[in-house]
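Some notes on the structure that comes next.
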Amino acid sequence: MKFNKLSLNRRQALKKLSGCIAAPLLMPFANRLTAEARGELPRRFLFVVKSSGLTPAELVPKDLIPEYIRPGEEKGWPNELKPSDKLIDLPLAKRDLPESLEPLIRFKDQLTILQGLSGKMCRGGHSAWYGALGCYHTGNEGTPGRAAFATIDGALANALPAIFPHVGLTLGGKVLSGVKDSVVYPGISALGPDRPLPYQANPAMAYQDLFGVAATGSKSRAEQSLQTLLLDHMVSDIKRFQRELGSADREKLNHYLGAFEGLQDRRRKLKGLEAKIRNNVPEISDKFSSEVETDRLESHFDIAAAALISGITNVAAVRADTLDVTYRGLGISKHVHGLGHAESVNGMSSNEARNRIRRFHMEQISRVAAKLTSVPEGDGTMLDHTLIVYLSDAAEKHHGSCTEWPFLLLGGLGQAKAGSGRYLQFPSYGKKGQRTIGNLYNTFMEYAGKPQDQFGRLDLNIDAELQRGPLPELIS
Amino acid sequence: MMSFISIQRRFSHVFLSITWLSAVVLGQAVTEPVVVDFLGEYCLECHDAETAKADFILEPLHFDFTKPSVVDVWQKVLEKLETGEMPPKKKPRPQLKAKQMVSGWIRAEFAKANVPALIDHKMQSPEFGNHLNHEMLFNGSQKEPASSPPRLWRLSPFIYDHMIEGLGGLRHVRAVHQPFALDESKGVISDFASGQFAGDATLQLLVMNCQSIAEYQTVGISKRDHEGIMQRHRRVPDVFRPIVEWVDKPSAEQLLAAIHFEYKLILGREATEPEVSQAIGYLAKAQANAGRVRGFQSMLVSIMLKPEAVYRLEVGLGEEDKFGRRRLSDNELAFALAFALTDKGPNKTRVGGNEGQTLFEITKAGGLASPSDIRRVVKQILDENDMSTADYTMFAENHKVRNTRVLRFFRDFFGYHHAPRVFKDENRISIDSGFETKRIVHDADQFVMHIFDEDHDVFRQLLTSNKYFVAYPGSYEKFEKDLNYIRNNLNDANFKNNEKYIARLEAEGKIPIPIEGTSSRTYVKFYNLFHETWGYQTKQPFLLPKNQRAGILTHPAWLIAWSGNFDNDPIRRGKWILEHLLAGTIQDVPVTVNAVIPEDRGRSLRDRLKATKSKECWNCHRKMNPLGLPFESFDDFGRFRKTEMLDERLSIFPERHRGARTVPVQTNGEIADSGDSSLDGPVADAFELVHKLANSTRVRQSFVRHVFRFWMGRNETFADSPTLMAADKAYIENGGSMKAMIASLLSSDSFLYRK
């Protein structure tokens with residue numbers, strides 16, 4: 001009974017999804033349903049990674065500001081968090097969220113404002129590149145450098161397999177670039193060493209990539225076996241070619257081969273479900289091809305929500321902007337880079353403009369959360385088994401020092417303490433009890449059922465033991 | 001193994017150096033003490049715990065390569081040694097052999113610990129190219145025979161586009177989408193072989209494209225036209241008809257012809273025997289599964305998805321020489337040359353006009369056997385190549401931009417085509433600035449390509465010429481056609497305005513601008529020309545005042561591309577010059593720096609930039625600001641100016657701000673520590689700066705390095721030194737011929753050999 005009821009609920013919810021994703025894929029992942037039927041509820045992650053830093057002082061609830069905040073060092077710069085030598089853990093329930101987070105009011109009891117973690121093992125500057133989600137030093141001003149290990153979204157994609165292990169959506173490419181219109185490698189996510197993860201910048205293409213498998217799926221058994229035949233043939237053809245070629249650029253052929261094997265795998269998992277899925281493929285709206293940044297971002301959040309809800313992925317990541325993006329749709333005619341350098345715009349201070357952008361991001365996250373909440377799952381809703389993680393790849397400011405790295409966590413994962421209506425601030429860098437982003441990522445791995453002791457690299461200037469294991473404060 | 005060795009102090013250098021020296025001389029195995037001695041002699045003076053230059057400390061030195069912190073130190077040592085960045089110029093440098101031994105030892109230790117050398121990864125990125133010591137590349141000290149690594153180079157989006165175009169009307173059906181992309185960062189060569197691969201992200205789209213092409217070649221694709229009526233688009237090659245349309249079973253010959261046809265179309269060659277039997281085997285299975293036509297389509301898809309259809313093959317299938325290098329085979333060479341010079345395959349690249357042989361035929365006939373043969377053919381293609389491309393001819397559809405690849409190099413190198421991507425508030429300019437800046441980019445394209453075509457003193461002309469194109473549609477005939485349209489098109493909404501404008505100009509004995517609409521014509525203001533009164537020049541390029549324009553760096557397209565939303569950007573302009581013309585490097589923005597230009601608009605930008613003179617900023621900014629500030633002679637739309645308007649500016653039109661406060665622009669700057677002492681010193685303005693740069697050997701060599709990177713698709717290594725020197729020499733000996741430089745590069749060992 002549970003199986004059927006769940007299917008029905010989700011189907012109804014999918015139909016209600018606003019915007020262009022009117023009724024996306026319907027329950028394509030039979031294995032997962034079986035798991036759900038067994039009582040093992042899925043776990044999903046949505047990472048939202050903005051550029052130019054996430055200002056800690058702007059995340060503090062209004063009533064705590066006088067106590068926790070001090071003016072910025074220089075005129076025109078954002079306020080700062082006062083250093084703290086103790087763990088601060090306060091409920092959000094009776095507190096007013098800062099203005100830019102107000103769109104999340106409805107979800108306040110599932111929100112954790114997480115402050116004070118450090119990430120000094122990372123590069124900092126305009127971007128920590130793979131380090132932000134990977135916890136290691138890499139790259140320079142213009143390039144991401146080497147993906148030395150899996151980043152947390154990649155590691156979770158490995159731990160929570162799905163038809164699409166990782167769905168990456170972005171406005172731009174590398175951190176200093178502007179809006180793009182194709183597949184790009186922003187250099188922030190990796191599935192493993194030297195396996196950078198792609199992001200799709202064009203919403204219409206993202207739709208094709210994600211839902212095209214179903215849209216163009218085989219109509220008949222003959223068609224299915226033809227697809228299987230083609231993929232098998234290509235895999236053996238590429239392997240043969242690889243043998244003939246010897247060691248020349250083996251990695252590039254591996255990518256190509258891996259892509260076919262991935263497609264084979266996807267088709268196997270989709271077997272028998274294509275017709276059902278095809279009947280529910282969403283229509284594309286004008287917003288998908290709009291050149292306005294905010295339209296594109298809205299489309300990306302719609303696609304991410306649909307991908308998570310339909311179950312074709314368990315890990316999605318939205319690269320919310322890059323430094324050359326100008327939020328014209330919000331009436332801000334200066335690019336994020338200029339705002340990061342404290343330049344005012346259209347009568348707004350840079351901080352006001354940055355708050356306006358953050359508020360827009362929160363509106364999008366709120367929309368996704370609302371969609372997830374509308375789908376019953378287990379004893380609660382899909383949001384209870386999904387964690388939305390908001391951060392910046394430049395840590396706490398435009399040229400991040402990584403001394404503190406703020407996060408917003410929204411949702412559940414069946415962990416009462418993940419997103420749990422709290423303001424949680426760890427002791428500052430160098431103080432007793434301080435923790436790192438490595439601890440947080442260990443926590444995420446524990447949520448995913450793959451606990452590990454160390455994520456990425458350690459900060460060698462602080463106690464190694466403190467950096468091991470998860471954050472008990474976030475474990476139920 | 002010893003886990004830790006403390007480096008001996010400086011006083012023991014003489015004794016210690018004997019150890020590594022004897023290892024070099026006697027060819028002994030390199031051991032930890034030998035390495036310690038080497039570092040003690042060449043590095044410790046600056047990187048001991050006490051001096052700790054650049055916060056990099058070598059003592060105590062650890063050898064446990066399982067520890068990441070230890071590996072980090074050795075990664076840095078290896079990088080500095082192999083790029084020649086350290087020891088610095090003024091310090092004694094180790095012998096090449098000693099250096100190689102030490103770096104060889106580090107690499108061996110890395111290999112044992114299964115640690116990849118990060119320098120290898122970095123050296124693949126275009127941004128890292130300049131880290132290789134410039135002097136060592138051009139002083140003739142490098143004797144190693146050059147070659148490139150065997151490689152696969154993913155098709156560029158341009159080549160893919162061209163391939164689709166070759167299939168006929170398919171482009172108009174819009175059933176095929178671009179699966180490949182280049183990450184175009186401003187001022188960076190985008191199509192590097194190492195950075196591009198076809199993987200998971202592109203395959204889905206690629207498969208869909210191939211299926212569409214197969215349908216187009218067999219049963220046709222149905223699409224609704226603009227009136228909503230369903231249309232069928234189909235182009236069936238004759239050799240496919242027996243399979244697709246006939247009732248009888250096709251003969252073996254007919255099948256063979258079809259397979260060869262598709263191989264030739266997609267891969268530019270016929271199928272080999274094993275490939276034919278593979279295709280026939282696959283066809284039988286596919287048809288058994290899904291019927292005759294559908295099975296045939298699937299076989300076509302299987303050919304279109306072959307790795308060769310996605311990656312250019314440059315592995316070196318020719319003979320091996322005494323240095324262990326393999327030359328590119330004829331086939332590989334034909335493709336490598338065709339794609340170096342065009343986006344078309346060698347079958348479609350003709351040499352000697354339309355009736356001439358294809359590059360493929362020339363190669364097969366042994367016409368590219370020697371480097372001098374290659375140089376001759378390359379030169380001929382560059383002279384004749386005439387590719388009209390839709391993307392570069394937005395405002396002049398009949399104007400053919402020649403040598404698209406060359407134009408792409410100029411765009412990548414100078415970055416001026418990014419001008420439309422720099423957002424400018426509409427309020428400031430009254431209309432969408434993107435529209436106007438696209439016109440300016442088109443002018444700049446013509447500027448660089450005209451200089452390339454003239455092929456004389458190219459680099460100097462690029463940096464100093466004041467012969468500009470403004471609103472030129474490509475030919476006099478096109479000018480007449482455009483003007484006639486404006487004069488006679490009664491239906492045009494702007495007709496009355498246009499009529500008055502033309503009458504007024506002609507009454508003054510001047511020629512009108514052949515652009516319809518007042519607002520469109522206003523774009524000439526960026527050249528300090530007034531659209532209402534300027535008499536159009538039908539013979540272009542024409543001279544603009546030499547005290548206002550000199551070369552591409554004073555062209556509005558470059559100036560806008562390297563500007564901010566509201567201001568000039570002297571820092572990035574300076575950085576561009578440092579990295580592109582002076583072969584210099586700049587360290588990353590330190591994480592402790594909060595760079596901000598004060599917003600007090602009551603002061604000039606130069607004055608506000610004094611904030612960067614603080615101690616922690618100036619170390620880097622002194623290399624950039626003095627190179628970028630001379631361009632304060634221009635505003636952020638590239639208009640020449642003598643005064644800078646202060647305070648909040650609502651628009652860029654001075655006539656709307658008559659009461660505005662102004663200050664005279666200060667244009668002085670400086671070239672410092674460039675590596676070329678004849679170049680260093682103060683400059684009065686941008687004009688002196690660009691002329692000085694244009695005369696410098698180092699600057700020219702830096703240009704050669706970037707040309708190398710574009711055409712080789714990779715960064716140079718020390719082994720490429722002879723190639724770079726030969727290209728530079730070819731350029732000089734041929735009167736500043738860029739074509740000779742390219743021909744030299746494409747006939748070099750670096751291009752022809754793989755190892």
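Please note that chains go A, B, ... in the order of the structure tokens, that every chain numbers its residues from 1, and that ligands are numbered from 1 in the order shown.
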Test item: chain A residues at most 7 Å from chain B, counting only C-alpha atoms, as a ChimeraX atom specification
/A:124-125,140-142,145-146,173,177,182-184,198,209,222-223,225-226,230,234,238,248-249,252,255-256,259,333-334,341-343,399-401
Per DSSP on the backbone, what are the helix (DSSP H, G or I) residues of stretch 284-351 of chain A, as a PyMOL selection string?
chain A and resi 286-289+293-310+328-330+336-340+350-351
Keeping N, CA and C atoms for every residue in the selection just given, could you write it to a file as an mmCIF file, in the first residue's frame?
data_model
loop_
_atom_site.group_PDB
_atom_site.id
_atom_site.type_symbol
_atom_site.label_atom_id
_atom_site.label_comp_id
_atom_site.auth_asym_id
_atom_site.auth_seq_id
_atom_site.Cartn_x
_atom_site.Cartn_y
_atom_site.Cartn_z
ATOM 1 N N ASP A 286 9.629 29.735 -22.197
ATOM 2 C CA ASP A 286 10.535 30.773 -22.704
ATOM 3 C C ASP A 286 11.648 31.078 -21.716
ATOM 4 N N LYS A 287 11.346 30.901 -20.447
ATOM 5 C CA LYS A 287 12.316 31.213 -19.410
ATOM 6 C C LYS A 287 13.609 30.407 -19.602
ATOM 7 N N PHE A 288 13.465 29.217 -20.164
ATOM 8 C CA PHE A 288 14.629 28.352 -20.354
ATOM 9 C C PHE A 288 15.647 28.958 -21.313
ATOM 10 N N SER A 289 15.153 29.761 -22.249
ATOM 11 C CA SER A 289 16.095 30.317 -23.225
ATOM 12 C C SER A 289 16.303 31.812 -23.005
ATOM 13 N N GLU A 293 19.712 36.933 -16.406
ATOM 14 C CA GLU A 293 20.381 36.051 -15.448
ATOM 15 C C GLU A 293 19.402 35.447 -14.440
ATOM 16 N N THR A 294 18.496 36.301 -13.943
ATOM 17 C CA THR A 294 17.584 35.813 -12.906
ATOM 18 C C THR A 294 16.614 34.766 -13.474
ATOM 19 N N ASP A 295 16.217 34.929 -14.731
ATOM 20 C CA ASP A 295 15.350 33.922 -15.373
ATOM 21 C C ASP A 295 16.072 32.585 -15.465
ATOM 22 N N ARG A 296 17.315 32.683 -15.874
ATOM 23 C CA ARG A 296 18.095 31.442 -16.052
ATOM 24 C C ARG A 296 18.263 30.735 -14.717
ATOM 25 N N LEU A 297 18.537 31.540 -13.694
ATOM 26 C CA LEU A 297 18.751 30.945 -12.380
ATOM 27 C C LEU A 297 17.454 30.300 -11.877
ATOM 28 N N GLU A 298 16.346 30.981 -12.104
ATOM 29 C CA GLU A 298 15.054 30.398 -11.708
ATOM 30 C C GLU A 298 14.839 29.066 -12.421
ATOM 31 N N SER A 299 15.173 29.052 -13.722
ATOM 32 C CA SER A 299 15.008 27.812 -14.497
ATOM 33 C C SER A 299 15.873 26.706 -13.897
ATOM 34 N N HIS A 300 17.100 27.064 -13.542
ATOM 35 C CA HIS A 300 18.003 26.056 -12.977
ATOM 36 C C HIS A 300 17.435 25.475 -11.675
ATOM 37 N N PHE A 301 16.890 26.350 -10.839
ATOM 38 C CA PHE A 301 16.330 25.846 -9.584
ATOM 39 C C PHE A 301 15.113 24.954 -9.864
ATOM 40 N N ASP A 302 14.327 25.312 -10.886
ATOM 41 C CA ASP A 302 13.188 24.460 -11.262
ATOM 42 C C ASP A 302 13.673 23.081 -11.697
ATOM 43 N N ILE A 303 14.729 23.097 -12.514
ATOM 44 C CA ILE A 303 15.243 21.827 -13.032
ATOM 45 C C ILE A 303 15.818 20.991 -11.891
ATOM 46 N N ALA A 304 16.571 21.657 -11.000
ATOM 47 C CA ALA A 304 17.166 20.934 -9.870
ATOM 48 C C ALA A 304 16.070 20.294 -9.021
ATOM 49 N N ALA A 305 15.004 21.065 -8.765
ATOM 50 C CA ALA A 305 13.911 20.529 -7.956
ATOM 51 C C ALA A 305 13.278 19.326 -8.652
ATOM 52 N N ALA A 306 13.038 19.474 -9.959
ATOM 53 C CA ALA A 306 12.407 18.384 -10.709
ATOM 54 C C ALA A 306 13.296 17.148 -10.722
ATOM 55 N N ALA A 307 14.610 17.371 -10.865
ATOM 56 C CA ALA A 307 15.541 16.241 -10.911
ATOM 57 C C ALA A 307 15.545 15.498 -9.574
ATOM 58 N N LEU A 308 15.495 16.249 -8.484
ATOM 59 C CA LEU A 308 15.491 15.610 -7.158
ATOM 60 C C LEU A 308 14.162 14.907 -6.903
ATOM 61 N N ILE A 309 13.080 15.603 -7.221
ATOM 62 C CA ILE A 309 11.756 15.046 -6.922
ATOM 63 C C ILE A 309 11.477 13.813 -7.776
ATOM 64 N N SER A 310 11.907 13.874 -9.029
ATOM 65 C CA SER A 310 11.646 12.721 -9.902
ATOM 66 C C SER A 310 12.538 11.544 -9.556
ATOM 67 N N ARG A 328 20.986 41.978 -13.700
ATOM 68 C CA ARG A 328 20.152 43.037 -14.276
ATOM 69 C C ARG A 328 18.700 42.891 -13.854
ATOM 70 N N GLY A 329 18.257 41.645 -13.728
ATOM 71 C CA GLY A 329 16.865 41.376 -13.356
ATOM 72 C C GLY A 329 16.520 41.890 -11.970
ATOM 73 N N LEU A 330 17.532 42.198 -11.166
ATOM 74 C CA LEU A 330 17.285 42.726 -9.823
ATOM 75 C C LEU A 330 17.570 44.223 -9.768
ATOM 76 N N VAL A 336 29.023 41.184 -10.119
ATOM 77 C CA VAL A 336 29.257 40.705 -8.746
ATOM 78 C C VAL A 336 30.673 41.054 -8.289
ATOM 79 N N HIS A 337 31.600 41.066 -9.233
ATOM 80 C CA HIS A 337 32.985 41.388 -8.899
ATOM 81 C C HIS A 337 33.097 42.805 -8.320
ATOM 82 N N GLY A 338 32.460 43.753 -9.013
ATOM 83 C CA GLY A 338 32.496 45.135 -8.543
ATOM 84 C C GLY A 338 31.857 45.270 -7.161
ATOM 85 N N LEU A 339 30.734 44.574 -6.977
ATOM 86 C CA LEU A 339 30.052 44.634 -5.671
ATOM 87 C C LEU A 339 30.957 44.053 -4.585
ATOM 88 N N GLY A 340 31.705 43.020 -4.971
ATOM 89 C CA GLY A 340 32.616 42.399 -4.012
ATOM 90 C C GLY A 340 33.723 43.342 -3.593
ATOM 91 N N SER A 350 27.200 48.596 -1.805
ATOM 92 C CA SER A 350 27.488 47.239 -2.290
ATOM 93 C C SER A 350 26.835 46.218 -1.371
ATOM 94 N N ASN A 351 26.820 46.528 -0.087
ATOM 95 C CA ASN A 351 26.236 45.581 0.855
ATOM 96 C C ASN A 351 24.738 45.409 0.618
#
Write out as JSON, numbers by chain each polymer residue whose atoms come within 7 Å of B:Pro87, counting only C-alpha atoms; drop sequence neighbours fewer than 4 positions from it.
{"B": [42, 43, 91, 93]}
Excluding same-chain residues fewer than 4 positions from stretch 713-718 of chain B, what lies within 8 Å of it counting only C-alpha atoms, as a PyMOL selection string?
chain B and resi 123-126+129+132+136-137+142+191-194+705+708-709
What's the 7 Å shell around stretch 538-550 of chain B, counting only C-alpha atoms, without same-chain residues fewer than 6 positions away, as number ranges by chain?
B: 463-469, 476, 640, 687
Apply DSSP to the backbone of this structure and, from stretch 73-299 of chain B, keep only the residues in strand (DSSP E); write these as a list in words.
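Listing strand (DSSP E) positions across stretch 73-299 of chain B yields Arg151, Leu152, Trp153, Arg154, Ile221, Ser222, Lys223, Arg224, Met230, Gln231, Arg232 and His233 of chain B.
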Quick one: write out the picked residues with N, CA and C atoms as a compact mmCIF listing (two decimals), in the first residue's frame?
# COMPACT_ATOMS: atom_id res chain seq x y z
N ARG B 151 48.76 12.94 -28.79
CA ARG B 151 47.56 13.46 -28.15
C ARG B 151 46.31 13.32 -28.99
N LEU B 152 45.21 13.41 -28.28
CA LEU B 152 43.90 13.53 -28.92
C LEU B 152 43.42 14.94 -28.60
N TRP B 153 42.85 15.58 -29.58
CA TRP B 153 42.42 16.97 -29.37
C TRP B 153 40.94 17.02 -29.75
N ARG B 154 40.10 17.26 -28.76
CA ARG B 154 38.67 17.25 -29.05
C ARG B 154 38.31 18.31 -30.09
N ILE B 221 13.62 14.40 -41.45
CA ILE B 221 13.20 14.91 -40.13
C ILE B 221 11.99 15.81 -40.34
N SER B 222 11.00 15.64 -39.49
CA SER B 222 9.82 16.50 -39.59
C SER B 222 9.91 17.64 -38.59
N LYS B 223 9.72 18.84 -39.06
CA LYS B 223 9.74 20.02 -38.17
C LYS B 223 8.66 20.99 -38.64
N ARG B 224 8.09 21.69 -37.69
CA ARG B 224 7.12 22.70 -38.09
C ARG B 224 7.86 23.94 -38.56
N MET B 230 3.87 21.45 -40.91
CA MET B 230 4.87 20.41 -40.79
C MET B 230 5.64 20.24 -42.11
N GLN B 231 6.97 20.32 -42.02
CA GLN B 231 7.81 20.16 -43.21
C GLN B 231 8.76 18.99 -43.01
N ARG B 232 9.05 18.33 -44.10
CA ARG B 232 9.99 17.19 -44.00
C ARG B 232 11.32 17.61 -44.62
N HIS B 233 12.39 17.41 -43.87
CA HIS B 233 13.72 17.78 -44.36
C HIS B 233 14.53 16.51 -44.55
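Excluding stretch 448-451 of chain A itself and any same-chain residue fewer than 4 positions from it, the protein and nucleic acid residues within 10 Å of it, counting only C-alpha atoms, are Pro42, Arg43, Arg44, Phe45, Ala155, Leu156, Ala157, Ala159, Leu160, Leu413, Tyr441, Asn442, Thr443, Phe444, Gly469 and Pro470 of chain A.
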Could you write out the selected residues, including N, CA and C atoms, as an mmCIF file, in the first residue's frame?
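Result written to out11.cif:
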data_model
loop_
_atom_site.group_PDB
_atom_site.id
_atom_site.type_symbol
_atom_site.label_atom_id
_atom_site.label_comp_id
_atom_site.auth_asym_id
_atom_site.auth_seq_id
_atom_site.Cartn_x
_atom_site.Cartn_y
_atom_site.Cartn_z
ATOM 1 N N PRO A 42 15.173 7.743 1.234
ATOM 2 C CA PRO A 42 16.298 8.279 0.454
ATOM 3 C C PRO A 42 16.933 9.494 1.128
ATOM 4 N N ARG A 43 18.111 9.800 0.716
ATOM 5 C CA ARG A 43 18.795 11.006 1.187
ATOM 6 C C ARG A 43 19.256 11.791 -0.031
ATOM 7 N N ARG A 44 18.969 13.064 -0.008
ATOM 8 C CA ARG A 44 19.295 13.904 -1.177
ATOM 9 C C ARG A 44 19.990 15.179 -0.721
ATOM 10 N N PHE A 45 20.791 15.701 -1.601
ATOM 11 C CA PHE A 45 21.491 16.956 -1.302
ATOM 12 C C PHE A 45 21.334 17.939 -2.456
ATOM 13 N N ALA A 155 31.579 13.099 -3.717
ATOM 14 C CA ALA A 155 31.631 11.945 -2.807
ATOM 15 C C ALA A 155 30.216 11.465 -2.483
ATOM 16 N N LEU A 156 29.304 12.422 -2.306
ATOM 17 C CA LEU A 156 27.914 12.040 -2.017
ATOM 18 C C LEU A 156 27.260 11.411 -3.246
ATOM 19 N N ALA A 157 27.636 11.931 -4.432
ATOM 20 C CA ALA A 157 27.103 11.338 -5.663
ATOM 21 C C ALA A 157 27.538 9.875 -5.762
ATOM 22 N N ALA A 159 28.216 8.033 -3.155
ATOM 23 C CA ALA A 159 27.618 7.301 -2.040
ATOM 24 C C ALA A 159 26.113 7.077 -2.227
ATOM 25 N N LEU A 160 25.488 7.966 -2.998
ATOM 26 C CA LEU A 160 24.033 7.876 -3.169
ATOM 27 C C LEU A 160 23.705 7.720 -4.655
ATOM 28 N N LEU A 413 17.130 15.144 6.075
ATOM 29 C CA LEU A 413 17.861 13.893 5.946
ATOM 30 C C LEU A 413 17.531 12.949 7.089
ATOM 31 N N TYR A 441 31.850 18.197 6.313
ATOM 32 C CA TYR A 441 31.710 17.249 5.208
ATOM 33 C C TYR A 441 31.737 15.802 5.722
ATOM 34 N N ASN A 442 32.483 15.563 6.794
ATOM 35 C CA ASN A 442 32.397 14.245 7.436
ATOM 36 C C ASN A 442 30.974 13.996 7.923
ATOM 37 N N THR A 443 30.348 15.059 8.425
ATOM 38 C CA THR A 443 28.964 14.948 8.906
ATOM 39 C C THR A 443 28.037 14.560 7.757
ATOM 40 N N PHE A 444 28.222 15.239 6.611
ATOM 41 C CA PHE A 444 27.386 14.919 5.445
ATOM 42 C C PHE A 444 27.588 13.455 5.033
ATOM 43 N N GLY A 469 36.366 13.256 12.092
ATOM 44 C CA GLY A 469 34.995 12.880 12.446
ATOM 45 C C GLY A 469 33.985 13.978 12.170
ATOM 46 N N PRO A 470 32.719 13.671 12.420
ATOM 47 C CA PRO A 470 31.660 14.646 12.130
ATOM 48 C C PRO A 470 31.489 15.658 13.256
#
Polymer residues at most 6 Å from stretch 643-646 of chain B, only C-alpha atoms, same-chain spacing of 3 or more positions, as a PyMOL selection string:
chain B and resi 601-602+661-665
Report the distance between atom CA of B:Gln537 and atom CA of B:Ile515 in Å, rounded to one decimal place.
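The value is 13.0 Å.
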For atom CA of B:Glu59 and atom CA of B:Val35, quote the distance in Å rounded to one decimal.
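Atom-to-atom, atom CA of B:Glu59 and atom CA of B:Val35 are spaced 13.2 Å apart.
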Separation of atom CA of A:Gly347 from atom CA of A:Pro56, in Å and rounded to one decimal
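Rounded to one decimal, the two atoms are 23.7 Å apart.
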From the list B:Met449, B:Leu155, B:Val276, B:Leu256, which residue is nearest B:Lys344 when using only C-alpha atoms?
B:Leu155
